[in-house]
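For reference, the structure discussed in these notes is given below.
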Amino acid sequence: MNIIFSYVNLFVNMVNISKGGIVIRSLFITGTDTDAGKTAAAALLLAYLKKKGIQAAAYKPVQSGAEMIDGVLCAPDVEFYKLANPELAAFTTYLLKKPCSPHLAAREEEIEIEIDKIIEHYQRLSSENEFVLIEGAGGVMVPLRDDGYSMLDLMKELSAPVVIVARTGVGTINHTVLTAERLKQEGINVIGVIMNQMTIEDTKVEQDNIRMIELMTRVPVLGMIPYLENPLSAFGDSEMLEHLFSKLMEVDSNE
């Protein structure tokens with residue numbers, strides 16, 4: 001069933017972008033590694049889509065490091081999305097308490113991660129919304145199960161176009177190029193990279209990193225999230241959001 005779904009979904013989720021507007025059926029946000037800034041990028045994109053009037057849902061299939069909030073186990077990433085859009089439909093399928101790789105957290109908590117359940121949840125969200133933003137856990141090779149099934153395998157199942165979130169500083173070229181090349185080797189449509197300025201860095205280094213990533217991956221850098229002392233203030237910054245995500249309107253989904 002999963003194989004059939006993947007081939008059908010490949011066509012359903014194609015990106016259709018034009019100068020007149022943006023229509024994205026789904027987008028999978030991954031990172032070069034843990035804490036690269038996926039959740040911040042996802043929340044900013046959700047704020048941008050809200051301003052564009054697009055009915056979006058956010059989906060975090062597996063959240064490790066879940067937290068108790070008012071006596072209820074919650075996904076911190078999902079809670080952050082809701083700061084960008086309090087009315088957002090945001091969901092997760094598996095909540096794991098241990099802040100580690102999902103396969104280990106699931107094993108210790110005696111939870112079996114069923115991929116069919118994730119696919120069914122995603123299908124339902126897709127049928128009820130114009131757009132579904134999916135955020136992975138860690139980088140592309142993070143295992144979800146003890147049998148080695150990884151985040152990369154889930155990306156292939158869902159067939160959604162991918163955006164990579166990467167740091168701007170030293171070391172990012174290697175991590176980003178390796179991530180992009182592995183995704184492309186697996187036939188996954190990588191539509192761009194979002195750089196995340198997590199600290200104040202040498203501007204010349206950052207700009208050269210961006211240049212080399214575009215050159216070596218042949219994937220466009222869509223924008224750079226500036227260093228934000230107060231990330232919440234960025235959700236209402238229309239000019240910054242437009243600057244960060246407007247290149248999505250120029251992407252050719254068939255490349």
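Chain identifiers are assigned as A, B, and so on, following the order in which chains appear in the structure tokens; residues are numbered from 1 within each chain, and ligands are numbered from 1 in order of appearance.
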
Contacts of range 138-144 of chain A at 6 Å (only C-alpha atoms; same-chain gap of 4+ positions) as a ChimeraX atom specification: /A:31-34,102-103,148-152

All alpha helix (DSSP H) residues (DSSP, backbone) inside range 7-158 of chain A, as a ChimeraX atom specification: /A:7-12,38-51,76-84,102-108,115-128,151-158

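Using only C-alpha atoms, the residues found no farther than 8 Å from range 38-42 of chain A, other than those of its own chain fewer than 5 positions away, are Ile29, Thr30, Gly31, Asp77, Phe80, Tyr81, Leu133, Glu135, Val165, Ile194, Ile225 and Pro231 of chain A.
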
Kindly export the residues of the current selection with N, CA, C and O atoms, as a JSON list (two decimals), in the first residue's frame.
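Once written, again-v8.json looks like this:
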[["chain", "number", "residue", "atom", "x", "y", "z"],
["A", 29, "ILE", "N", 9.96, 20.06, 5.64],
["A", 29, "ILE", "CA", 11.12, 20.81, 6.10],
["A", 29, "ILE", "C", 12.04, 19.86, 6.87],
["A", 29, "ILE", "O", 11.63, 19.23, 7.85],
["A", 30, "THR", "N", 13.28, 19.76, 6.39],
["A", 30, "THR", "CA", 14.28, 18.97, 7.08],
["A", 30, "THR", "C", 15.46, 19.87, 7.41],
["A", 30, "THR", "O", 15.51, 21.03, 6.98],
["A", 31, "GLY", "N", 16.39, 19.34, 8.19],
["A", 31, "GLY", "CA", 17.56, 20.13, 8.56],
["A", 31, "GLY", "C", 18.84, 19.38, 8.29],
["A", 31, "GLY", "O", 18.83, 18.17, 8.05],
["A", 77, "ASP", "N", 7.35, 21.71, 19.45],
["A", 77, "ASP", "CA", 7.42, 22.31, 18.12],
["A", 77, "ASP", "C", 6.05, 22.77, 17.65],
["A", 77, "ASP", "O", 5.89, 23.86, 17.09],
["A", 80, "PHE", "N", 5.02, 25.90, 19.31],
["A", 80, "PHE", "CA", 5.68, 27.06, 18.73],
["A", 80, "PHE", "C", 4.99, 27.48, 17.43],
["A", 80, "PHE", "O", 4.83, 28.69, 17.16],
["A", 81, "TYR", "N", 4.55, 26.51, 16.61],
["A", 81, "TYR", "CA", 3.81, 26.86, 15.40],
["A", 81, "TYR", "C", 2.60, 27.74, 15.74],
["A", 81, "TYR", "O", 2.27, 28.67, 15.01],
["A", 133, "LEU", "N", 2.30, 21.54, 5.95],
["A", 133, "LEU", "CA", 3.72, 21.69, 6.22],
["A", 133, "LEU", "C", 4.15, 20.58, 7.17],
["A", 133, "LEU", "O", 3.60, 20.44, 8.26],
["A", 135, "GLU", "N", 7.24, 18.81, 9.33],
["A", 135, "GLU", "CA", 8.58, 19.00, 9.86],
["A", 135, "GLU", "C", 9.14, 17.67, 10.34],
["A", 135, "GLU", "O", 8.51, 16.97, 11.14],
["A", 165, "VAL", "N", 16.88, 23.24, 5.91],
["A", 165, "VAL", "CA", 17.27, 24.36, 6.77],
["A", 165, "VAL", "C", 18.70, 24.10, 7.23],
["A", 165, "VAL", "O", 19.02, 23.02, 7.72],
["A", 194, "ILE", "N", 17.00, 27.07, 3.15],
["A", 194, "ILE", "CA", 16.83, 28.27, 3.97],
["A", 194, "ILE", "C", 17.98, 28.30, 4.96],
["A", 194, "ILE", "O", 18.19, 27.34, 5.71],
["A", 225, "ILE", "N", 17.20, 33.46, 7.43],
["A", 225, "ILE", "CA", 16.56, 33.96, 8.64],
["A", 225, "ILE", "C", 17.61, 34.74, 9.43],
["A", 225, "ILE", "O", 18.64, 34.18, 9.82],
["A", 231, "PRO", "N", 12.37, 35.88, 18.48],
["A", 231, "PRO", "CA", 11.76, 35.27, 17.28],
["A", 231, "PRO", "C", 10.28, 35.57, 17.11],
["A", 231, "PRO", "O", 9.79, 35.66, 15.99]]

DSSP-assigned strand (DSSP E) members of range 6-191 of chain A, reported as a ChimeraX atom specification: /A:16-18,21-23,26-31,56-64,67-69,72-74,89-96,131-135,162-167,190-191

Only N, CA and C atoms, please: the residues just picked out, written as a compact mmCIF listing (two decimals), in the first residue's frame.
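out.txt, freshly written:
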# COMPACT_ATOMS: atom_id res chain seq x y z
N ASN A 16 3.22 24.03 -7.47
CA ASN A 16 2.75 24.84 -8.59
C ASN A 16 2.88 26.30 -8.17
N ILE A 17 3.91 26.96 -8.65
CA ILE A 17 4.21 28.32 -8.21
C ILE A 17 4.21 29.26 -9.41
N SER A 18 3.54 30.37 -9.26
CA SER A 18 3.51 31.34 -10.35
C SER A 18 3.61 32.74 -9.78
N GLY A 21 0.68 34.02 -7.49
CA GLY A 21 0.39 33.52 -6.15
C GLY A 21 1.14 32.24 -5.89
N ILE A 22 0.89 31.65 -4.74
CA ILE A 22 1.59 30.44 -4.37
C ILE A 22 0.59 29.38 -3.95
N VAL A 23 0.69 28.23 -4.55
CA VAL A 23 -0.15 27.10 -4.19
C VAL A 23 0.78 25.92 -3.97
N SER A 26 2.00 20.58 -0.34
CA SER A 26 2.71 20.15 0.85
C SER A 26 4.19 20.50 0.72
N LEU A 27 4.85 20.55 1.86
CA LEU A 27 6.27 20.84 1.88
C LEU A 27 6.86 20.16 3.11
N PHE A 28 7.98 19.50 2.92
CA PHE A 28 8.65 18.81 4.03
C PHE A 28 9.89 19.61 4.39
N ILE A 29 9.96 20.06 5.64
CA ILE A 29 11.12 20.81 6.10
C ILE A 29 12.04 19.86 6.87
N THR A 30 13.28 19.76 6.39
CA THR A 30 14.28 18.97 7.08
C THR A 30 15.46 19.87 7.41
N GLY A 31 16.39 19.34 8.19
CA GLY A 31 17.56 20.13 8.56
C GLY A 31 18.84 19.38 8.29
N ALA A 56 -3.55 26.48 5.93
CA ALA A 56 -2.45 25.55 6.13
C ALA A 56 -2.63 24.73 7.40
N ALA A 57 -2.10 23.52 7.36
CA ALA A 57 -1.99 22.68 8.55
C ALA A 57 -0.52 22.36 8.75
N ALA A 58 -0.13 22.18 10.00
CA ALA A 58 1.24 21.81 10.32
C ALA A 58 1.26 20.41 10.91
N TYR A 59 2.24 19.63 10.49
CA TYR A 59 2.29 18.23 10.90
C TYR A 59 3.70 17.86 11.34
N LYS A 60 3.84 17.45 12.57
CA LYS A 60 5.09 16.93 13.12
C LYS A 60 4.83 15.45 13.38
N PRO A 61 5.16 14.56 12.45
CA PRO A 61 4.78 13.15 12.61
C PRO A 61 5.28 12.53 13.91
N VAL A 62 6.55 12.81 14.26
CA VAL A 62 7.14 12.22 15.47
C VAL A 62 7.86 13.33 16.24
N GLN A 63 7.50 13.51 17.49
CA GLN A 63 8.15 14.49 18.34
C GLN A 63 8.79 13.78 19.53
N SER A 64 10.11 13.79 19.60
CA SER A 64 10.78 13.34 20.81
C SER A 64 11.05 14.58 21.66
N GLU A 67 6.78 17.51 26.09
CA GLU A 67 6.74 18.14 27.40
C GLU A 67 5.32 18.16 27.96
N MET A 68 5.24 18.14 29.29
CA MET A 68 3.95 18.25 29.96
C MET A 68 3.59 19.72 30.10
N ILE A 69 2.44 20.11 29.56
CA ILE A 69 1.93 21.48 29.68
C ILE A 69 0.52 21.40 30.23
N VAL A 72 -0.89 17.95 30.31
CA VAL A 72 -1.09 17.25 29.04
C VAL A 72 0.25 17.15 28.31
N LEU A 73 0.55 15.96 27.78
CA LEU A 73 1.79 15.78 27.02
C LEU A 73 1.65 16.47 25.67
N CYS A 74 2.58 17.38 25.37
CA CYS A 74 2.47 18.22 24.17
C CYS A 74 3.78 18.20 23.37
N ALA A 89 -4.31 24.55 12.45
CA ALA A 89 -4.51 23.13 12.69
C ALA A 89 -3.12 22.48 12.72
N ALA A 90 -2.68 22.04 13.89
CA ALA A 90 -1.33 21.50 14.04
C ALA A 90 -1.40 20.19 14.81
N PHE A 91 -0.70 19.18 14.30
CA PHE A 91 -0.86 17.84 14.84
C PHE A 91 0.47 17.10 14.90
N THR A 92 0.50 16.07 15.75
CA THR A 92 1.59 15.11 15.76
C THR A 92 0.98 13.73 15.96
N THR A 93 1.65 12.70 15.46
CA THR A 93 1.12 11.34 15.59
C THR A 93 1.75 10.62 16.78
N TYR A 94 3.05 10.82 16.98
CA TYR A 94 3.74 10.14 18.08
C TYR A 94 4.46 11.15 18.96
N LEU A 95 4.11 11.14 20.25
CA LEU A 95 4.76 11.98 21.25
C LEU A 95 5.64 11.10 22.12
N LEU A 96 6.94 11.39 22.12
CA LEU A 96 7.92 10.61 22.88
C LEU A 96 8.60 11.53 23.88
N PHE A 131 -2.87 23.25 2.24
CA PHE A 131 -1.42 23.08 2.35
C PHE A 131 -1.09 22.35 3.64
N VAL A 132 -0.14 21.43 3.57
CA VAL A 132 0.35 20.76 4.78
C VAL A 132 1.86 20.94 4.86
N LEU A 133 2.30 21.54 5.95
CA LEU A 133 3.72 21.69 6.22
C LEU A 133 4.15 20.58 7.17
N ILE A 134 5.12 19.79 6.74
CA ILE A 134 5.62 18.67 7.54
C ILE A 134 7.00 19.01 8.04
N GLU A 135 7.24 18.81 9.33
CA GLU A 135 8.58 19.00 9.86
C GLU A 135 9.14 17.67 10.34
N VAL A 162 10.94 19.08 -0.71
CA VAL A 162 11.71 19.29 0.52
C VAL A 162 12.44 20.63 0.49
N VAL A 163 12.45 21.30 1.64
CA VAL A 163 13.31 22.45 1.87
C VAL A 163 14.26 22.08 3.00
N ILE A 164 15.54 22.37 2.80
CA ILE A 164 16.58 22.10 3.80
C ILE A 164 16.84 23.37 4.60
N VAL A 165 16.88 23.24 5.91
CA VAL A 165 17.27 24.36 6.77
C VAL A 165 18.70 24.10 7.23
N ALA A 166 19.56 25.13 7.07
CA ALA A 166 20.97 24.99 7.39
C ALA A 166 21.48 26.20 8.15
N ARG A 167 22.49 26.01 8.97
CA ARG A 167 23.13 27.14 9.64
C ARG A 167 23.92 27.97 8.63
N VAL A 190 14.23 18.49 -4.08
CA VAL A 190 14.73 19.51 -3.16
C VAL A 190 14.54 20.87 -3.83
N ILE A 191 13.63 21.68 -3.30
CA ILE A 191 13.31 22.92 -4.00
C ILE A 191 14.11 24.12 -3.49

Among the residues A:Asn129, A:Glu112, A:Glu120, A:His175, the one that comes closest to Asp146 in chain A [using only C-alpha atoms]: A:Glu112

From A:Lys184, A:Arg25, A:Lys204, A:His243, residue lying nearest Tyr122 in chain A [only C-alpha atoms]: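 Ranked by minimum distance to Tyr122 in chain A, first place goes to A:Arg25.
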